[in-house]
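Working notes, beginning with the structure itself.
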Amino acid sequence: MIDIHNHIIPAIDDGPDTLEQALELLWQAEADGIQRLVCTPHMHPGRYDNDITTIKPAFDDLVKQASDAEIGVQLAMAAEVRFSDEMMFQLRNKRIPMIGQWEGYDCLLLEMPHQNIPMGIEHMLEWLEKQKIRAVIAHPERNKELMAYPDRVLPLVERGALLQVTAGCIPGFFGEKAQTTARWLLDHELVQFVASDAHHAKRRPPAMKAAADVLDGWYGKDVRDRLTLTNPDLLTFSLFAG
Ligand SMILES: [Fe+2]
């Protein structure tokens, strides 16, 4: 499997505090069936003030340490970008490490606030479209407004947004409401990617294998492969090619 969303780089956001914890999480990811993993630390202005200038050196250090520890998972780098006014500035200044390409568009992993769909997101998606950029929306199934009204995701999808569901929501590790919302999105074939959003070996483990097992039961192996391997591979091919 290929994991396109996690917080494995240590001491840069709310992921592992130490290198030891990060390596433990990487071992766990490998045992969970993950062969390739895109590190996506938070870029959240005022909370986690990351951009490519802080993420790249921390990522390079993790790659070296993972290699020294003989961890077999291949690593690449992107970011989980909080929806904000600063996004446009960060994009223009090329401060956002992108998560790959889809149908000729560059893609960024976009995080909405957890309570609601933010005002202006439709305009932002239209503006991104003009720049030949698409958003991969992280964990829509955990957004409170979408949990109550899942069809409110449709205007976003119509404007080119791709959707990434959290692996742990599929077996119900984030509660029943997140699980039923994830199922609704999957049943309506709106989801391109399932990813771990792993933060910590104990508190927030990857859970990709648990998700894959449930997906096999719900939709069969072809759909599971598309969500956890084929689509993530298409998206991130350029990141791993170099
Ligand atoms: Fe995340």
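Residue numbering restarts at 1 in every chain; chains get A, B, ... in the order shown in the structure tokens, and ligands count up from 1 in that same order.
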
Closest contacts (chain A/ligand 1, max 8 Å, only C-alpha atoms and all ligand atoms) as a tab-separated table:
residue	atom	partner	partner_atom_place_in_ligand_line	distance
A:His5	CA	ligand 1	1 (Fe)	6.2
A:Asn6	CA	ligand 1	1 (Fe)	5.7
A:His7	CA	ligand 1	1 (Fe)	6.4
A:Thr40	CA	ligand 1	1 (Fe)	7.1
A:Pro41	CA	ligand 1	1 (Fe)	7.2
A:His42	CA	ligand 1	1 (Fe)	6.7
A:Glu80	CA	ligand 1	1 (Fe)	6.2
A:Glu111	CA	ligand 1	1 (Fe)	7.7
A:Ala138	CA	ligand 1	1 (Fe)	7.2
A:Asp197	CA	ligand 1	1 (Fe)	4.7
A:Ala198	CA	ligand 1	1 (Fe)	7.4
A:His199	CA	ligand 1	1 (Fe)	7.8

Take the residues that were just selected and, keeping C-alpha atoms, output them as a compact mmCIF listing (two decimals), in the first residue's frame.
# COMPACT_ATOMS: atom_id res chain seq x y z
CA HIS A 5 -1.07 11.30 4.51
CA ASN A 6 0.70 10.98 7.87
CA HIS A 7 2.65 12.94 10.47
CA THR A 40 2.72 15.33 5.19
CA PRO A 41 3.38 17.61 8.19
CA HIS A 42 0.82 20.29 9.02
CA GLU A 80 -1.10 18.94 4.79
CA GLU A 111 -7.19 20.43 5.42
CA ALA A 138 -8.07 15.36 3.78
CA ASP A 197 -3.13 10.20 8.93
CA ALA A 198 -0.94 8.36 11.47
CA HIS A 199 0.46 10.55 14.25

All strand (DSSP E or B) residues (DSSP, backbone) inside segment 166-224 of chain A, as a VMD selection string: chain A and resid 166 193 to 195 198 200 204

Store the residues picked out above, limited to C-alpha atoms, as a short mmCIF file (atom, residue, chain, number, x, y, z; two decimals), in the first residue's frame.
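result-v4.cif, freshly written:
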data_model
loop_
_atom_site.label_atom_id
_atom_site.label_comp_id
_atom_site.auth_asym_id
_atom_site.auth_seq_id
_atom_site.Cartn_x
_atom_site.Cartn_y
_atom_site.Cartn_z
CA THR A 166 -8.79 8.22 6.91
CA PHE A 193 -7.61 7.72 -1.65
CA VAL A 194 -7.51 5.99 1.74
CA ALA A 195 -4.56 7.11 3.89
CA ALA A 198 -0.94 8.36 11.47
CA HIS A 200 1.82 8.15 16.86
CA ARG A 204 -2.86 7.22 16.27
#

Any chance you could tabulate, as CSV, the residues of segment 8-78 of chain A at most 9 Å from segment 83-90 of chain A with each one's nearest atom pair and distance in Å to one decimal, using only C-alpha atoms, in chain and rising number order?
residue,atom,partner,partner_atom,distance
A:His44,CA,A:Phe83,CA,8.2
A:Pro45,CA,A:Glu86,CA,7.7
A:Asp51,CA,A:Gln90,CA,8.2

Hey, can you spit out that residue selection with N, CA and C atoms as a PDB file, in the first residue's frame?
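Full text of selection-v5.pdb as output:
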ATOM      1  N   HIS A  44       0.015  25.063   9.121  1.00  0.00           N
ATOM      2  CA  HIS A  44      -1.177  25.669   9.721  1.00  0.00           C
ATOM      3  C   HIS A  44      -0.743  26.992  10.341  1.00  0.00           C
ATOM      4  N   PRO A  45      -0.930  28.109   9.624  1.00  0.00           N
ATOM      5  CA  PRO A  45      -0.409  29.399  10.081  1.00  0.00           C
ATOM      6  C   PRO A  45      -0.805  29.728  11.520  1.00  0.00           C
ATOM      7  N   ASP A  51       6.707  25.367   6.256  1.00  0.00           N
ATOM      8  CA  ASP A  51       6.610  25.388   4.800  1.00  0.00           C
ATOM      9  C   ASP A  51       7.803  24.586   4.295  1.00  0.00           C
TER      10      ASP A  51
END

If we count only C-alpha atoms and set the cut-off at 6 Å, which residues sit around segment 91-103 of chain A, ignoring sequence neighbours fewer than 5 positions away in its own chain? Please answer as a PDB file with C-alpha atoms, in the first residue's frame.
ATOM      1  CA  ASP A  51       6.610  25.388   4.800  1.00  0.00           C
ATOM      2  CA  ILE A  52       9.097  23.789   2.465  1.00  0.00           C
ATOM      3  CA  ALA A  78       4.605  16.864   0.878  1.00  0.00           C
ATOM      4  CA  ALA A  79       2.440  18.774   3.417  1.00  0.00           C
ATOM      5  CA  LEU A 108      -2.016  19.769  -2.755  1.00  0.00           C
ATOM      6  CA  LEU A 235      -0.894  10.636  -7.632  1.00  0.00           C
ATOM      7  CA  THR A 236       2.581  10.311  -6.141  1.00  0.00           C
TER       8      THR A 236
END

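Going from atom CA of Leu190 of chain A over to atom CA of Val157 of chain A, you cover 7.7 Å.
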
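Near Tyr105 of chain A, within 9 Å and counting only C-alpha atoms, sit A:Glu129, A:Gln131, A:Lys132, A:Ile133, A:Arg134; same-chain residues fewer than 6 positions away were not included.
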
What does the file look like for those residues with C-alpha atoms, as a PDB file, in the first residue's frame?
ATOM      1  CA  GLU A 129      -8.304  25.303 -11.082  1.00  0.00           C
ATOM      2  CA  GLN A 131      -3.564  27.714 -11.661  1.00  0.00           C
ATOM      3  CA  LYS A 132      -3.874  24.077 -12.854  1.00  0.00           C
ATOM      4  CA  ILE A 133      -3.947  22.872  -9.255  1.00  0.00           C
ATOM      5  CA  ARG A 134      -6.358  20.473  -7.618  1.00  0.00           C
TER       6      ARG A 134
END

Close residues, Pro171 of chain A itself excluded, 8 Å, only C-alpha atoms, min 4 positions apart in chain, as a PyMOL selection string: chain A and resi 167+179+210-211+214

Among the residues A:Gly217, A:Pro10, A:Gly15, A:Gly104, the one that comes closest to Leu62 of chain A [using only C-alpha atoms]: A:Pro10
